[in-house]
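Asks: Once you've had a glance at the structure underneath, I'll fire off some questions.
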Amino acid sequence: MSGSRYFPAIVAAVTALAILLTLGFWALAVPAGAGEIGYESFFDPSRVHSIDIRMPDWESFLRGAGSEEYAACDLVIDGETLHSVGFRAKGNGSLFAVNMMGSPRMSWKIEFDRFIDRQSYHGLDKLCLNNLVEDSTYMKDLLAYRAMAALGVPAPLCSYVFVTVNGEDFGLYQAVEGVEDGFLRRNFGAERGQLYKPESAALEELGIGGEFRLFRLLGWALDHRALFEGLDLSAYEGMSSADLSGAAFDFEDMYGDGGSFFGGGELTGGGELTASLLGGSEDLLLRYIDDRPASYPCIFNMAKTRGSYRDRMRLIAALERLGRREDLTRTVDAERVIAYFAAHNFFVNSDSYTGMSAHNYYLYEHDGQLSLIPWDYNLACGTMLMTARYAVNDPIDEPMAVRSDGGHPMFEWITADEAWKARYYERLGELLDAMDFDALIDETAALIRPYVERDPTKFVTLREFDEGLAMMKRYLRLREQSVRGQLAGRIPADKAGQEAHPELLVGTEGLDLHALGDVTMGIADGRQDPSLFDALQGGGGLAGLFTGYGKDDSK
């Protein structure tokens, strides 16, 4: 038969049939929802959703959860069961703090396809459950993501979920859509580009990673005194990081006037401080370095999509054009980037691209055009070591660490051109007109308050929750007043102008950002027992480290 003139055609037909059968069986094996987007209903904001974690060895899992290793569990999400889901703890300093508090209430990361290939929850591949340890209001992420979405920025979906473990109440969490494949399909469709989450390994070396090494971080500050203009280290003259190794350390009076860690709330040193703190990682700030992909480890080592050498070179070329402010309409998705910064800068989040740590954002590239995707606003509203006055009046032309010196090229192209700046101001105005924050806070509070009351692991009392919401309303009204004044020219929109005319700034008497929940996780205002941290600082009074931060510092 092999000599037949029909043999090649027969082989081809059999091969094609085999391929079709294989594809058919493969399609049958793919779990429902793997190729579709149907998970939006889980982020319905009109209800509190439910997740039951089913893990027979829960206590054993908790004892080792700090390793952030995935374990398999079953989840029942709004009544629907998924088997063998990847489940682990997440977080940096917050994870350390929760462990020190002896609380089981960690933040969690859920990866649906960790153990079952292509499994998803109606197209959702990753879900984050935030424990809200730094957010007494339960709302900072929600408000920021809603503001982003109102301006048309692709932002993670966010809702509330009451978590039970093996049927027993565990706590009210905030559920946030993971920015991965499902997110990309939902926002960009089939023709999606490359996704990165720029981050530095140096964060862990300085103690901001899974193992919080406070002495190393403080030692670094001592070794880099020049970057901390407002920090009084005179009592420790001659000391270095080596002197702190394994030693007790007295924090009392370290901050001189007690204003804040950054001397009146302003981060001095700008990009220089960020680059030094993160090991000289200029790629975190999206600066062009050279044409070698190896020069951008904080970007390419943190790729979320599988890219090629050509993809990397295309991104580098875009960074070069961005640094030179050339061909900007091809280099950046101007409308989305401007809208992102309008919402981002309103919320004053220094744990971000424009702040001290230059992370907590996603970089999206498609056909050589760049844009940003928001992430992690639990320390927004100045609750990462800012005084109230600076958090309210943060200048919209030079937000947080930005100094209009080329250090933050992804933002500075906007204010360097009058036309783009006018559009940025226009979008800020649109945001203020579109968002009724008081109504959104009241509506959300009415929804979740019974669950906060029921929550057995919450970090705040019900009274502290209510006080936090009242203070959040007050902060947002004052922030809006300042931004509207800056847009109208009544209040300086840059650092030099605000320093020259402090009398024009919006007053913040009585505003206390601690009430919102902050980076001290309740230590600074006495919600958590500072003695829990004695092992780190030799009984030196950690609460005193933060005296004055978060409050009005008007002279």
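Numbering starts fresh at 1 for the residues of each chain in the structure tokens, the chains themselves are lettered A, B, ... in the order given, and ligands are numbered from 1 as they appear.
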Residues within 10 Å of Asn166 (chain A), please, as a PyMOL selection string. Count only C-alpha atoms; anything in the same chain fewer than 4 positions from it doesn't count.

Replies: chain A and resi 52-56+58+74-76+170

Asks: Could the residues in this selection be written to a file with C-alpha atoms, as a CSV table (one decimal), in the first residue's frame?

Replies:
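The new file again-v1.csv reads:
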```csv
chain,number,residue,atom,x,y,z
A,52,ASP,CA,-14.9,29.2,52.8
A,53,ILE,CA,-11.4,27.9,53.0
A,54,ARG,CA,-11.4,24.1,53.4
A,55,MET,CA,-8.1,22.9,54.8
A,56,PRO,CA,-8.2,20.1,57.4
A,58,TRP,CA,-5.3,24.6,59.0
A,74,ASP,CA,-10.6,23.7,48.4
A,75,LEU,CA,-12.5,27.0,48.2
A,76,VAL,CA,-16.2,27.5,48.3
A,170,PHE,CA,-12.5,34.1,60.3
```

Asks: If we count only C-alpha atoms, what is near Tyr475 (chain A) at a cut-off of 8 Å, once residues fewer than 4 positions away on the same chain are taken out, given as a list in words?

Replies: Cys381, Val392, Met471, Arg479 and Leu511 of chain A

Asks: Take the residues just selected and output them with C-alpha atoms as a short mmCIF file (atom, residue, chain, number, x, y, z; two decimals), in the first residue's frame.

Replies:
```cif
data_model
loop_
_atom_site.label_atom_id
_atom_site.label_comp_id
_atom_site.auth_asym_id
_atom_site.auth_seq_id
_atom_site.Cartn_x
_atom_site.Cartn_y
_atom_site.Cartn_z
CA CYS A 381 -3.86 59.47 51.92
CA VAL A 392 -3.39 67.42 52.26
CA MET A 471 -11.43 61.20 59.51
CA ARG A 479 -7.42 67.29 49.88
CA LEU A 511 -6.59 66.10 61.28
#
```

Asks: Using Å and a single decimal, report how far CA of Tyr390 (chain A) sits from CA of Asp494 (chain A).

Replies: 12.0 Å

Asks: List the spatial neighbours of Tyr451 (chain A) as a PyMOL selection string - criterion: any atom at most 10 Å away, only C-alpha atoms, same-chain residues fewer than 6 positions off excluded.

Replies: chain A and resi 48+160-162+171-173+445

Asks: Write out, as a PDB file, in the first residue's frame, the residues just selected, with C-alpha atoms.

Replies:
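Result went into part.pdb, see below:
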```pdb
ATOM      1  CA  VAL A  48     -20.450  41.110  50.740  1.00  0.00           C
ATOM      2  CA  TYR A 160     -15.529  42.611  50.165  1.00  0.00           C
ATOM      3  CA  VAL A 161     -15.609  38.991  51.218  1.00  0.00           C
ATOM      4  CA  PHE A 162     -16.365  37.411  54.562  1.00  0.00           C
ATOM      5  CA  GLY A 171     -12.868  37.755  59.134  1.00  0.00           C
ATOM      6  CA  LEU A 172     -13.903  40.438  56.655  1.00  0.00           C
ATOM      7  CA  TYR A 173     -11.346  40.843  53.881  1.00  0.00           C
ATOM      8  CA  ALA A 445     -19.918  51.562  55.430  1.00  0.00           C
TER       9      ALA A 445
END
```

Asks: Enter the distance from CA of Ala380 (chain A) to CA of Phe347 (chain A), in Å, rounded to one decimal.

Replies: 5.7 Å

Asks: Do you know which residues are at most 8 Å from Met106 (chain A) counting only C-alpha atoms, after dropping those on the same chain fewer than 4 positions away, and could you put them as a list in words?

Replies: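 So the residues in contact are Ala89, Lys90, Leu95, Val98, Asn130 and Asn131 of chain A.
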
Asks: I need the residues in region 110-187 of chain A that are alpha helix (DSSP H) according to DSSP; give them as a list in words.

Replies: Lys140, Asp141, Leu142, Leu143, Ala144, Tyr145, Arg146, Ala147, Met148, Ala149, Ala150, Asp181, Gly182, Phe183, Leu184, Arg185, Arg186 and Asn187 of chain A

Asks: Write the residues of the preceding selection, restricted to C-alpha atoms, as a compact mmCIF listing (two decimals), in the first residue's frame.

Replies:
```txt
# COMPACT_ATOMS: atom_id res chain seq x y z
CA LYS A 140 -8.40 53.05 50.84
CA ASP A 141 -7.86 50.59 48.00
CA LEU A 142 -11.53 50.63 47.07
CA LEU A 143 -11.71 54.43 46.80
CA ALA A 144 -8.52 54.66 44.74
CA TYR A 145 -9.53 51.91 42.30
CA ARG A 146 -13.00 53.43 41.89
CA ALA A 147 -11.43 56.80 41.12
CA MET A 148 -9.09 55.20 38.58
CA ALA A 149 -11.98 53.38 36.89
CA ALA A 150 -14.04 56.59 36.81
CA ASP A 181 -3.94 36.86 32.50
CA GLY A 182 -7.59 37.32 33.46
CA PHE A 183 -7.08 41.03 34.06
CA LEU A 184 -5.32 41.42 30.70
CA ARG A 185 -8.08 39.59 28.82
CA ARG A 186 -10.75 41.66 30.55
CA ASN A 187 -9.10 44.99 29.79
```

Asks: List the spatial neighbours of Glu453 (chain A) as a PyMOL selection string - criterion: any atom at most 10 Å away, only C-alpha atoms, same-chain residues fewer than 4 positions off excluded.

Replies: chain A and resi 171-172+448-449+458+460-463+465

Asks: So that I can check the surroundings of Leu431 (chain A), please list as a list of chain:residue names every protein, DNA and RNA residue that reaches within 8 Å of it, counting only C-alpha atoms and ignoring chain neighbours fewer than 4 positions away.

Replies: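 The filter keeps A:Ala147, A:Ala150, A:Leu151, A:Ala342, A:Ala343, A:Arg427, A:Met435.
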
Asks: Can you write just those residues out, N, CA and C atoms, as a PDB file, in the first residue's frame?

Replies:
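Heads up, here's the output in result-v3.pdb:
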```pdb
ATOM      1  N   ALA A 147     -11.809  55.548  41.763  1.00  0.00           N
ATOM      2  CA  ALA A 147     -11.429  56.803  41.119  1.00  0.00           C
ATOM      3  C   ALA A 147     -10.702  56.536  39.802  1.00  0.00           C
ATOM      4  N   ALA A 150     -13.198  55.471  37.230  1.00  0.00           N
ATOM      5  CA  ALA A 150     -14.042  56.591  36.811  1.00  0.00           C
ATOM      6  C   ALA A 150     -13.385  57.410  35.716  1.00  0.00           C
ATOM      7  N   LEU A 151     -12.056  57.425  35.683  1.00  0.00           N
ATOM      8  CA  LEU A 151     -11.318  58.164  34.648  1.00  0.00           C
ATOM      9  C   LEU A 151     -10.915  57.266  33.475  1.00  0.00           C
ATOM     10  N   ALA A 342      -3.612  61.555  37.476  1.00  0.00           N
ATOM     11  CA  ALA A 342      -4.605  62.438  38.071  1.00  0.00           C
ATOM     12  C   ALA A 342      -5.200  61.785  39.325  1.00  0.00           C
ATOM     13  N   ALA A 343      -5.617  60.515  39.200  1.00  0.00           N
ATOM     14  CA  ALA A 343      -6.184  59.816  40.357  1.00  0.00           C
ATOM     15  C   ALA A 343      -5.108  59.479  41.378  1.00  0.00           C
ATOM     16  N   ARG A 427      -8.269  66.517  33.780  1.00  0.00           N
ATOM     17  CA  ARG A 427      -8.667  65.216  34.309  1.00  0.00           C
ATOM     18  C   ARG A 427      -8.791  65.250  35.831  1.00  0.00           C
ATOM     19  N   MET A 435     -16.543  62.214  41.507  1.00  0.00           N
ATOM     20  CA  MET A 435     -16.549  61.365  42.699  1.00  0.00           C
ATOM     21  C   MET A 435     -17.222  62.059  43.891  1.00  0.00           C
TER      22      MET A 435
END
```

Asks: Measuring atom to atom with only C-alpha atoms, identify which of A:Ala303, A:Leu284, A:Ile116, A:Val519 is nearest to Ser200 (chain A).

Replies: A:Leu284

Asks: Please indicate the distance in Å from CA of Leu476 (chain A) to CA of Trp108 (chain A), rounded to one decimal place.

Replies: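 The value is 29.0 Å.
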
Asks: Please extract the residues of region 70-224 of chain A with a backbone DSSP assignment of strand (DSSP E or B) and present them as a ChimeraX atom specification.

Replies: /A:71-77,80-90,107-111,121,124,126-130,158-165,168-177,194-196

Asks: Just write the chosen residues, N, CA and C atoms, as a compact mmCIF listing (two decimals), in the first residue's frame.

Replies:
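As written to disk, again_9.txt reads:
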```txt
# COMPACT_ATOMS: atom_id res chain seq x y z
N ALA A 71 0.06 26.11 49.43
CA ALA A 71 -0.53 24.85 49.86
C ALA A 71 -1.84 24.67 49.10
N ALA A 72 -2.27 23.44 48.96
CA ALA A 72 -3.52 23.16 48.25
C ALA A 72 -4.69 23.17 49.23
N CYS A 73 -5.79 23.76 48.80
CA CYS A 73 -7.01 23.74 49.60
C CYS A 73 -8.20 23.76 48.66
N ASP A 74 -9.36 23.48 49.18
CA ASP A 74 -10.61 23.67 48.43
C ASP A 74 -11.20 25.01 48.87
N LEU A 75 -11.80 25.70 47.93
CA LEU A 75 -12.47 26.96 48.23
C LEU A 75 -13.93 26.87 47.80
N VAL A 76 -14.80 27.40 48.64
CA VAL A 76 -16.21 27.55 48.26
C VAL A 76 -16.47 29.05 48.13
N ILE A 77 -16.62 29.50 46.90
CA ILE A 77 -16.77 30.93 46.61
C ILE A 77 -18.22 31.20 46.24
N GLU A 80 -19.92 28.11 45.26
CA GLU A 80 -19.34 27.27 44.21
C GLU A 80 -17.99 26.72 44.68
N THR A 81 -17.80 25.41 44.55
CA THR A 81 -16.60 24.75 45.06
C THR A 81 -15.54 24.58 43.98
N LEU A 82 -14.30 24.95 44.32
CA LEU A 82 -13.15 24.69 43.47
C LEU A 82 -12.15 23.87 44.28
N HIS A 83 -11.56 22.86 43.65
CA HIS A 83 -10.68 21.94 44.35
C HIS A 83 -9.21 22.23 44.04
N SER A 84 -8.35 21.89 45.00
CA SER A 84 -6.89 21.96 44.84
C SER A 84 -6.45 23.32 44.32
N VAL A 85 -6.85 24.36 45.02
CA VAL A 85 -6.48 25.73 44.68
C VAL A 85 -5.20 26.09 45.42
N GLY A 86 -4.30 26.84 44.79
CA GLY A 86 -3.08 27.30 45.45
C GLY A 86 -3.39 28.43 46.42
N PHE A 87 -2.86 28.34 47.65
CA PHE A 87 -3.22 29.28 48.71
C PHE A 87 -1.98 29.54 49.56
N ARG A 88 -1.63 30.83 49.74
CA ARG A 88 -0.46 31.16 50.56
C ARG A 88 -0.63 32.53 51.19
N ALA A 89 0.20 32.81 52.20
CA ALA A 89 0.24 34.14 52.80
C ALA A 89 0.96 35.10 51.87
N LYS A 90 0.68 36.39 51.99
CA LYS A 90 1.36 37.40 51.20
C LYS A 90 1.63 38.61 52.09
N SER A 107 -2.70 38.39 55.11
CA SER A 107 -3.25 38.56 53.78
C SER A 107 -2.94 37.30 52.99
N TRP A 108 -3.81 36.98 52.01
CA TRP A 108 -3.68 35.72 51.29
C TRP A 108 -3.62 35.96 49.79
N LYS A 109 -2.91 35.09 49.11
CA LYS A 109 -2.88 35.09 47.65
C LYS A 109 -3.42 33.74 47.18
N ILE A 110 -4.37 33.79 46.26
CA ILE A 110 -5.01 32.58 45.73
C ILE A 110 -4.64 32.44 44.26
N GLU A 111 -4.08 31.31 43.90
CA GLU A 111 -3.71 31.02 42.51
C GLU A 111 -4.50 29.79 42.09
N TYR A 121 -11.32 30.66 38.11
CA TYR A 121 -12.66 30.95 38.62
C TYR A 121 -13.34 31.85 37.58
N LEU A 124 -10.81 34.04 36.09
CA LEU A 124 -9.90 34.70 37.03
C LEU A 124 -8.82 33.71 37.46
N LYS A 126 -5.94 34.68 39.38
CA LYS A 126 -5.32 35.01 40.67
C LYS A 126 -6.20 36.01 41.42
N LEU A 127 -6.28 35.80 42.75
CA LEU A 127 -7.09 36.65 43.61
C LEU A 127 -6.30 36.96 44.87
N CYS A 128 -6.35 38.20 45.32
CA CYS A 128 -5.70 38.61 46.56
C CYS A 128 -6.77 38.94 47.60
N LEU A 129 -6.55 38.46 48.81
CA LEU A 129 -7.41 38.79 49.95
C LEU A 129 -6.58 39.61 50.93
N ASN A 130 -6.92 40.88 51.07
CA ASN A 130 -6.15 41.80 51.90
C ASN A 130 -6.72 41.87 53.31
N CYS A 158 -12.52 45.22 42.79
CA CYS A 158 -12.35 45.14 44.24
C CYS A 158 -13.71 44.95 44.89
N SER A 159 -13.79 44.07 45.88
CA SER A 159 -15.03 43.86 46.61
C SER A 159 -14.70 43.40 48.03
N TYR A 160 -15.72 43.10 48.80
CA TYR A 160 -15.53 42.61 50.16
C TYR A 160 -15.98 41.16 50.25
N VAL A 161 -15.29 40.40 51.07
CA VAL A 161 -15.61 38.99 51.22
C VAL A 161 -15.47 38.61 52.69
N PHE A 162 -16.48 37.92 53.20
CA PHE A 162 -16.36 37.41 54.56
C PHE A 162 -15.81 36.00 54.47
N VAL A 163 -14.66 35.79 55.12
CA VAL A 163 -13.93 34.54 55.02
C VAL A 163 -14.26 33.65 56.21
N THR A 164 -14.54 32.40 55.91
CA THR A 164 -14.66 31.38 56.95
C THR A 164 -13.61 30.30 56.67
N VAL A 165 -13.22 29.60 57.70
CA VAL A 165 -12.26 28.51 57.57
C VAL A 165 -12.91 27.25 58.12
N GLU A 168 -15.98 28.01 60.02
CA GLU A 168 -15.92 28.89 61.19
C GLU A 168 -15.55 30.32 60.76
N ASP A 169 -16.20 31.32 61.37
CA ASP A 169 -15.92 32.72 61.03
C ASP A 169 -14.44 33.03 61.19
N PHE A 170 -13.88 33.75 60.18
CA PHE A 170 -12.47 34.14 60.26
C PHE A 170 -12.30 35.65 60.13
N GLY A 171 -12.99 36.30 59.20
CA GLY A 171 -12.87 37.75 59.13
C GLY A 171 -13.32 38.35 57.82
N LEU A 172 -13.54 39.68 57.85
CA LEU A 172 -13.90 40.44 56.66
C LEU A 172 -12.63 40.88 55.95
N TYR A 173 -12.51 40.52 54.70
CA TYR A 173 -11.35 40.84 53.88
C TYR A 173 -11.76 41.67 52.68
N GLN A 174 -10.77 42.30 52.07
CA GLN A 174 -10.98 42.97 50.81
C GLN A 174 -10.44 42.07 49.70
N ALA A 175 -11.27 41.74 48.73
CA ALA A 175 -10.86 40.90 47.61
C ALA A 175 -10.46 41.79 46.44
N VAL A 176 -9.27 41.54 45.88
CA VAL A 176 -8.75 42.35 44.78
C VAL A 176 -8.35 41.43 43.63
N GLU A 177 -8.81 41.75 42.45
CA GLU A 177 -8.47 41.00 41.24
C GLU A 177 -6.96 41.03 41.00
N GLN A 194 2.72 43.21 26.79
CA GLN A 194 3.59 42.67 27.82
C GLN A 194 3.35 43.37 29.16
N LEU A 195 3.39 42.58 30.24
CA LEU A 195 3.10 43.10 31.57
C LEU A 195 4.29 42.85 32.48
N TYR A 196 4.65 43.89 33.27
CA TYR A 196 5.76 43.81 34.23
C TYR A 196 5.30 44.43 35.56
```

Asks: Enumerate, in order of chain and increasing residue number, the residues of region 357-423 of chain A with an atom no farther than 10 Å from region 333-340 of chain A, each with its shortest atom pair and distance in Å to one decimal, counting only C-alpha atoms, as a tab-separated table.

Replies:
```
residue	atom	partner	partner_atom	distance
A:Tyr364	CA	A:Asp333	CA	9.8
A:Glu365	CA	A:Asp333	CA	9.3
A:His366	CA	A:Asp333	CA	9.4
A:Gly368	CA	A:Asp333	CA	9.8
A:Gln369	CA	A:Asp333	CA	6.0
A:Leu370	CA	A:Asp333	CA	5.9
A:Ser371	CA	A:Val337	CA	5.6
A:Leu372	CA	A:Val337	CA	6.3
A:Ile373	CA	A:Tyr340	CA	7.7
A:Pro374	CA	A:Tyr340	CA	7.5
A:Met410	CA	A:Val337	CA	8.3
A:Phe411	CA	A:Ile338	CA	8.2
A:Trp413	CA	A:Ile338	CA	10.0
A:Ile414	CA	A:Ile338	CA	7.3
A:Trp420	CA	A:Ile338	CA	8.1
A:Lys421	CA	A:Ile338	CA	8.8
A:Arg423	CA	A:Ile338	CA	7.6
```

Asks: Output the selection as a PDB file, in the first residue's frame - N, CA and C atoms for each residue.

Replies:
```
ATOM      1  N   TYR A 364       2.714  48.317  31.620  1.00  0.00           N
ATOM      2  CA  TYR A 364       2.121  47.609  30.489  1.00  0.00           C
ATOM      3  C   TYR A 364       2.677  48.201  29.199  1.00  0.00           C
ATOM      4  N   GLU A 365       3.126  47.324  28.310  1.00  0.00           N
ATOM      5  CA  GLU A 365       3.695  47.765  27.024  1.00  0.00           C
ATOM      6  C   GLU A 365       3.011  47.028  25.882  1.00  0.00           C
ATOM      7  N   HIS A 366       2.577  47.774  24.889  1.00  0.00           N
ATOM      8  CA  HIS A 366       1.953  47.175  23.707  1.00  0.00           C
ATOM      9  C   HIS A 366       2.389  47.963  22.471  1.00  0.00           C
ATOM     10  N   GLY A 368       5.242  49.053  21.675  1.00  0.00           N
ATOM     11  CA  GLY A 368       6.155  50.133  22.011  1.00  0.00           C
ATOM     12  C   GLY A 368       5.528  51.276  22.768  1.00  0.00           C
ATOM     13  N   GLN A 369       4.272  51.148  23.150  1.00  0.00           N
ATOM     14  CA  GLN A 369       3.578  52.208  23.887  1.00  0.00           C
ATOM     15  C   GLN A 369       3.407  51.766  25.346  1.00  0.00           C
ATOM     16  N   LEU A 370       3.698  52.666  26.272  1.00  0.00           N
ATOM     17  CA  LEU A 370       3.724  52.346  27.699  1.00  0.00           C
ATOM     18  C   LEU A 370       2.521  52.938  28.430  1.00  0.00           C
ATOM     19  N   SER A 371       2.068  52.217  29.451  1.00  0.00           N
ATOM     20  CA  SER A 371       1.071  52.773  30.366  1.00  0.00           C
ATOM     21  C   SER A 371       1.258  52.102  31.731  1.00  0.00           C
ATOM     22  N   LEU A 372       0.585  52.621  32.743  1.00  0.00           N
ATOM     23  CA  LEU A 372       0.703  52.126  34.112  1.00  0.00           C
ATOM     24  C   LEU A 372      -0.637  51.586  34.594  1.00  0.00           C
ATOM     25  N   ILE A 373      -0.569  50.547  35.413  1.00  0.00           N
ATOM     26  CA  ILE A 373      -1.755  49.951  36.017  1.00  0.00           C
ATOM     27  C   ILE A 373      -1.614  50.092  37.527  1.00  0.00           C
ATOM     28  N   PRO A 374      -2.642  50.601  38.214  1.00  0.00           N
ATOM     29  CA  PRO A 374      -2.525  50.877  39.660  1.00  0.00           C
ATOM     30  C   PRO A 374      -2.494  49.604  40.489  1.00  0.00           C
ATOM     31  N   MET A 410       8.267  59.047  33.741  1.00  0.00           N
ATOM     32  CA  MET A 410       6.912  58.647  33.355  1.00  0.00           C
ATOM     33  C   MET A 410       5.869  59.674  33.770  1.00  0.00           C
ATOM     34  N   PHE A 411       6.176  60.503  34.767  1.00  0.00           N
ATOM     35  CA  PHE A 411       5.268  61.587  35.123  1.00  0.00           C
ATOM     36  C   PHE A 411       5.704  62.934  34.562  1.00  0.00           C
ATOM     37  N   TRP A 413       6.998  64.150  31.914  1.00  0.00           N
ATOM     38  CA  TRP A 413       6.667  64.599  30.564  1.00  0.00           C
ATOM     39  C   TRP A 413       5.335  65.355  30.555  1.00  0.00           C
ATOM     40  N   ILE A 414       4.470  65.047  31.515  1.00  0.00           N
ATOM     41  CA  ILE A 414       3.147  65.678  31.546  1.00  0.00           C
ATOM     42  C   ILE A 414       3.264  67.154  31.913  1.00  0.00           C
ATOM     43  N   TRP A 420      -0.028  69.115  27.604  1.00  0.00           N
ATOM     44  CA  TRP A 420      -0.255  67.912  28.399  1.00  0.00           C
ATOM     45  C   TRP A 420      -0.625  68.281  29.841  1.00  0.00           C
ATOM     46  N   LYS A 421       0.007  69.309  30.371  1.00  0.00           N
ATOM     47  CA  LYS A 421      -0.287  69.739  31.733  1.00  0.00           C
ATOM     48  C   LYS A 421      -1.736  70.214  31.844  1.00  0.00           C
ATOM     49  N   ARG A 423      -4.189  69.160  30.081  1.00  0.00           N
ATOM     50  CA  ARG A 423      -5.040  67.966  30.063  1.00  0.00           C
ATOM     51  C   ARG A 423      -5.024  67.264  31.421  1.00  0.00           C
TER      52      ARG A 423
END
```
